[in-house]
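Report on the following structure.
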Amino acid sequence: PVPRVRNFTTYLTQAAHCVSSKRCRDLKVILGDHDVTKQEDSQKERKVCGIQVHPRYNSVFKDVALIELCEPVTFNHAIQPIKFATKGL
């Protein structure tokens, strides 16, 4: 069976050192913004409802966190899921 691919997400990855001391209400996420000097049609803003830092995060080791958005964001030409490396690279 082929896995079903969703065209939206409510989760993002982020470096843990950027969010480990933050509260959800202190953050917002802007996706699809490629030129910070102007508002782009493709950009979307979302509030953060959850932050899960890697349980063994320590300085530069395991420096990853999962961010949960309060509202899903739909993928478009400017907002895309990450692409994982294929075997053999």
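Following the order of the structure tokens, first chain is A, next is B, and so on, with residues numbered from 1 inside each chain and ligands from 1 in the order they appear.
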Just list the residues in chain A DSSP gives helix (DSSP H, G or I) on the backbone, as a list of chain:residue names. A:Ala16, A:His17, A:Cys18, A:Val19, A:Cys24, A:Arg25, A:Asp26
Would you list the contacts of A:Asp63 as a PyMOL selection string, taking every protein, DNA or RNA residue within 9 Å and counting only C-alpha atoms, but skipping same-chain residues closer than 4 positions in sequence? chain A and resi 14-17+53-54+56-59
Could you take the residues named above and write them with N, CA, C and O atoms, as a PDB file, in the first residue's frame?
ATOM      1  N   GLN A  14      12.208  22.588  14.658  1.00  0.00           N
ATOM      2  CA  GLN A  14      12.929  23.819  14.977  1.00  0.00           C
ATOM      3  C   GLN A  14      14.112  23.448  15.860  1.00  0.00           C
ATOM      4  O   GLN A  14      14.057  22.457  16.584  1.00  0.00           O
ATOM      5  N   ALA A  15      15.160  24.230  15.826  1.00  0.00           N
ATOM      6  CA  ALA A  15      16.288  24.021  16.740  1.00  0.00           C
ATOM      7  C   ALA A  15      15.804  24.245  18.172  1.00  0.00           C
ATOM      8  O   ALA A  15      15.150  25.249  18.462  1.00  0.00           O
ATOM      9  N   ALA A  16      16.118  23.317  19.043  1.00  0.00           N
ATOM     10  CA  ALA A  16      15.668  23.409  20.433  1.00  0.00           C
ATOM     11  C   ALA A  16      16.203  24.648  21.136  1.00  0.00           C
ATOM     12  O   ALA A  16      15.514  25.245  21.964  1.00  0.00           O
ATOM     13  N   HIS A  17      17.421  25.063  20.805  1.00  0.00           N
ATOM     14  CA  HIS A  17      17.987  26.220  21.496  1.00  0.00           C
ATOM     15  C   HIS A  17      17.208  27.506  21.204  1.00  0.00           C
ATOM     16  O   HIS A  17      17.305  28.465  21.945  1.00  0.00           O
ATOM     17  N   VAL A  53      10.483  19.786  23.173  1.00  0.00           N
ATOM     18  CA  VAL A  53      11.930  19.758  23.000  1.00  0.00           C
ATOM     19  C   VAL A  53      12.408  18.315  23.190  1.00  0.00           C
ATOM     20  O   VAL A  53      11.875  17.587  24.029  1.00  0.00           O
ATOM     21  N   HIS A  54      13.403  17.900  22.416  1.00  0.00           N
ATOM     22  CA  HIS A  54      13.947  16.551  22.554  1.00  0.00           C
ATOM     23  C   HIS A  54      14.268  16.298  24.028  1.00  0.00           C
ATOM     24  O   HIS A  54      14.896  17.142  24.681  1.00  0.00           O
ATOM     25  N   ARG A  56      16.403  14.631  25.536  1.00  0.00           N
ATOM     26  CA  ARG A  56      17.818  14.604  25.911  1.00  0.00           C
ATOM     27  C   ARG A  56      18.594  15.780  25.308  1.00  0.00           C
ATOM     28  O   ARG A  56      19.804  15.708  25.141  1.00  0.00           O
ATOM     29  N   TYR A  57      17.877  16.852  25.003  1.00  0.00           N
ATOM     30  CA  TYR A  57      18.536  18.053  24.480  1.00  0.00           C
ATOM     31  C   TYR A  57      19.529  18.576  25.511  1.00  0.00           C
ATOM     32  O   TYR A  57      19.220  18.700  26.682  1.00  0.00           O
ATOM     33  N   ASN A  58      20.748  18.860  25.050  1.00  0.00           N
ATOM     34  CA  ASN A  58      21.788  19.394  25.915  1.00  0.00           C
ATOM     35  C   ASN A  58      22.728  20.225  25.055  1.00  0.00           C
ATOM     36  O   ASN A  58      23.541  19.675  24.327  1.00  0.00           O
ATOM     37  N   SER A  59      22.593  21.525  25.109  1.00  0.00           N
ATOM     38  CA  SER A  59      23.444  22.440  24.344  1.00  0.00           C
ATOM     39  C   SER A  59      23.338  22.150  22.858  1.00  0.00           C
ATOM     40  O   SER A  59      22.284  22.329  22.290  1.00  0.00           O
TER      41      SER A  59
END
Chain A: which residues are strand (DSSP E) by DSSP, as an NGL selection string? :A and (8-14 or 28-31 or 44-53 or 65-74)
Could you take the residues named above and write them with N, CA, C and O atoms, as a CSV table (one decimal), in the first residue's frame?
chain,number,residue,atom,x,y,z
A,8,PHE,N,-1.3,19.3,4.1
A,8,PHE,CA,-1.2,20.3,5.1
A,8,PHE,C,-0.4,19.7,6.3
A,8,PHE,O,-0.2,18.5,6.4
A,9,THR,N,-0.1,20.6,7.2
A,9,THR,CA,0.6,20.2,8.4
A,9,THR,C,0.2,21.0,9.6
A,9,THR,O,-0.2,22.2,9.4
A,10,THR,N,0.4,20.5,10.8
A,10,THR,CA,0.2,21.3,12.0
A,10,THR,C,1.5,21.2,12.9
A,10,THR,O,1.6,21.7,14.0
A,11,TYR,N,2.6,20.5,12.3
A,11,TYR,CA,3.8,20.4,13.0
A,11,TYR,C,5.0,20.9,12.2
A,11,TYR,O,5.0,20.7,11.0
A,12,LEU,N,6.0,21.5,12.9
A,12,LEU,CA,7.2,21.9,12.3
A,12,LEU,C,8.4,21.5,13.2
A,12,LEU,O,8.2,21.3,14.4
A,13,THR,N,9.6,21.4,12.6
A,13,THR,CA,10.8,21.2,13.4
A,13,THR,C,11.5,22.5,13.6
A,13,THR,O,11.4,23.4,12.7
A,14,GLN,N,12.2,22.6,14.7
A,14,GLN,CA,12.9,23.8,15.0
A,14,GLN,C,14.1,23.4,15.9
A,14,GLN,O,14.1,22.5,16.6
A,28,LYS,N,5.1,33.1,17.5
A,28,LYS,CA,4.2,32.9,16.3
A,28,LYS,C,5.2,32.4,15.2
A,28,LYS,O,6.4,32.7,15.2
A,29,VAL,N,4.6,31.8,14.2
A,29,VAL,CA,5.3,31.2,13.1
A,29,VAL,C,4.9,31.9,11.9
A,29,VAL,O,3.7,32.0,11.6
A,30,ILE,N,5.8,32.3,11.0
A,30,ILE,CA,5.5,32.9,9.7
A,30,ILE,C,6.1,31.9,8.7
A,30,ILE,O,7.3,31.7,8.7
A,31,LEU,N,5.2,31.3,7.9
A,31,LEU,CA,5.7,30.4,6.9
A,31,LEU,C,5.5,31.0,5.5
A,31,LEU,O,4.6,31.8,5.3
A,44,LYS,N,2.0,32.8,5.5
A,44,LYS,CA,0.9,32.5,6.4
A,44,LYS,C,1.4,32.6,7.9
A,44,LYS,O,2.6,32.3,8.1
A,45,GLU,N,0.7,33.2,8.7
A,45,GLU,CA,1.1,33.3,10.1
A,45,GLU,C,0.2,32.4,11.0
A,45,GLU,O,-1.0,32.3,10.8
A,46,ARG,N,0.9,31.7,12.0
A,46,ARG,CA,0.2,30.8,12.8
A,46,ARG,C,0.6,31.0,14.3
A,46,ARG,O,1.8,31.3,14.5
A,47,LYS,N,-0.3,30.8,15.2
A,47,LYS,CA,0.1,30.8,16.6
A,47,LYS,C,0.6,29.4,17.0
A,47,LYS,O,0.3,28.4,16.3
A,48,VAL,N,1.4,29.3,18.1
A,48,VAL,CA,2.0,28.1,18.5
A,48,VAL,C,1.2,27.5,19.7
A,48,VAL,O,0.9,28.3,20.7
A,49,CYS,N,0.7,26.3,19.6
A,49,CYS,CA,0.0,25.7,20.7
A,49,CYS,C,0.8,24.6,21.5
A,49,CYS,O,0.3,24.2,22.6
A,50,GLY,N,1.9,24.2,21.0
A,50,GLY,CA,2.7,23.3,21.7
A,50,GLY,C,4.2,23.3,21.3
A,50,GLY,O,4.5,23.6,20.1
A,51,ILE,N,5.1,23.0,22.3
A,51,ILE,CA,6.5,22.9,22.0
A,51,ILE,C,7.0,21.7,22.7
A,51,ILE,O,6.8,21.5,23.9
A,52,GLN,N,7.6,20.8,21.9
A,52,GLN,CA,8.2,19.6,22.5
A,52,GLN,C,9.6,19.5,22.2
A,52,GLN,O,10.0,19.3,21.0
A,53,VAL,N,10.5,19.8,23.2
A,53,VAL,CA,11.9,19.8,23.0
A,53,VAL,C,12.4,18.3,23.2
A,53,VAL,O,11.9,17.6,24.0
A,65,ALA,N,13.4,20.4,18.2
A,65,ALA,CA,12.1,20.5,18.9
A,65,ALA,C,11.0,20.4,17.9
A,65,ALA,O,11.2,20.7,16.7
A,66,LEU,N,9.9,20.0,18.4
A,66,LEU,CA,8.7,19.9,17.5
A,66,LEU,C,7.8,21.0,17.9
A,66,LEU,O,7.4,21.2,19.1
A,67,ILE,N,7.3,21.8,17.0
A,67,ILE,CA,6.4,22.9,17.2
A,67,ILE,C,5.0,22.5,16.7
A,67,ILE,O,4.9,22.1,15.5
A,68,GLU,N,4.0,22.6,17.5
A,68,GLU,CA,2.6,22.4,17.1
A,68,GLU,C,1.9,23.7,16.8
A,68,GLU,O,1.9,24.5,17.7
A,69,LEU,N,1.4,23.8,15.7
A,69,LEU,CA,0.6,25.0,15.3
A,69,LEU,C,-0.8,24.9,15.8
A,69,LEU,O,-1.4,23.8,15.8
A,70,CYS,N,-1.4,26.0,16.2
A,70,CYS,CA,-2.8,26.0,16.6
A,70,CYS,C,-3.8,25.7,15.5
A,70,CYS,O,-4.9,25.2,15.7
A,71,GLU,N,-3.4,26.0,14.3
A,71,GLU,CA,-4.2,25.9,13.1
A,71,GLU,C,-3.3,25.3,12.0
A,71,GLU,O,-2.2,25.7,11.8
A,72,PRO,N,-3.8,24.3,11.2
A,72,PRO,CA,-3.0,23.7,10.1
A,72,PRO,C,-2.6,24.8,9.1
A,72,PRO,O,-3.3,25.8,8.9
A,73,VAL,N,-1.6,24.5,8.4
A,73,VAL,CA,-1.2,25.3,7.2
A,73,VAL,C,-1.1,24.4,6.0
A,73,VAL,O,-0.7,23.3,6.1
A,74,THR,N,-1.7,24.9,4.9
A,74,THR,CA,-1.7,24.1,3.7
A,74,THR,C,-0.5,24.4,2.9
A,74,THR,O,0.0,25.5,2.7
Just give me the gap between atom CA of A:Glu40 and atom CA of A:Ala78 in Å, one decimal is fine. 10.0 Å
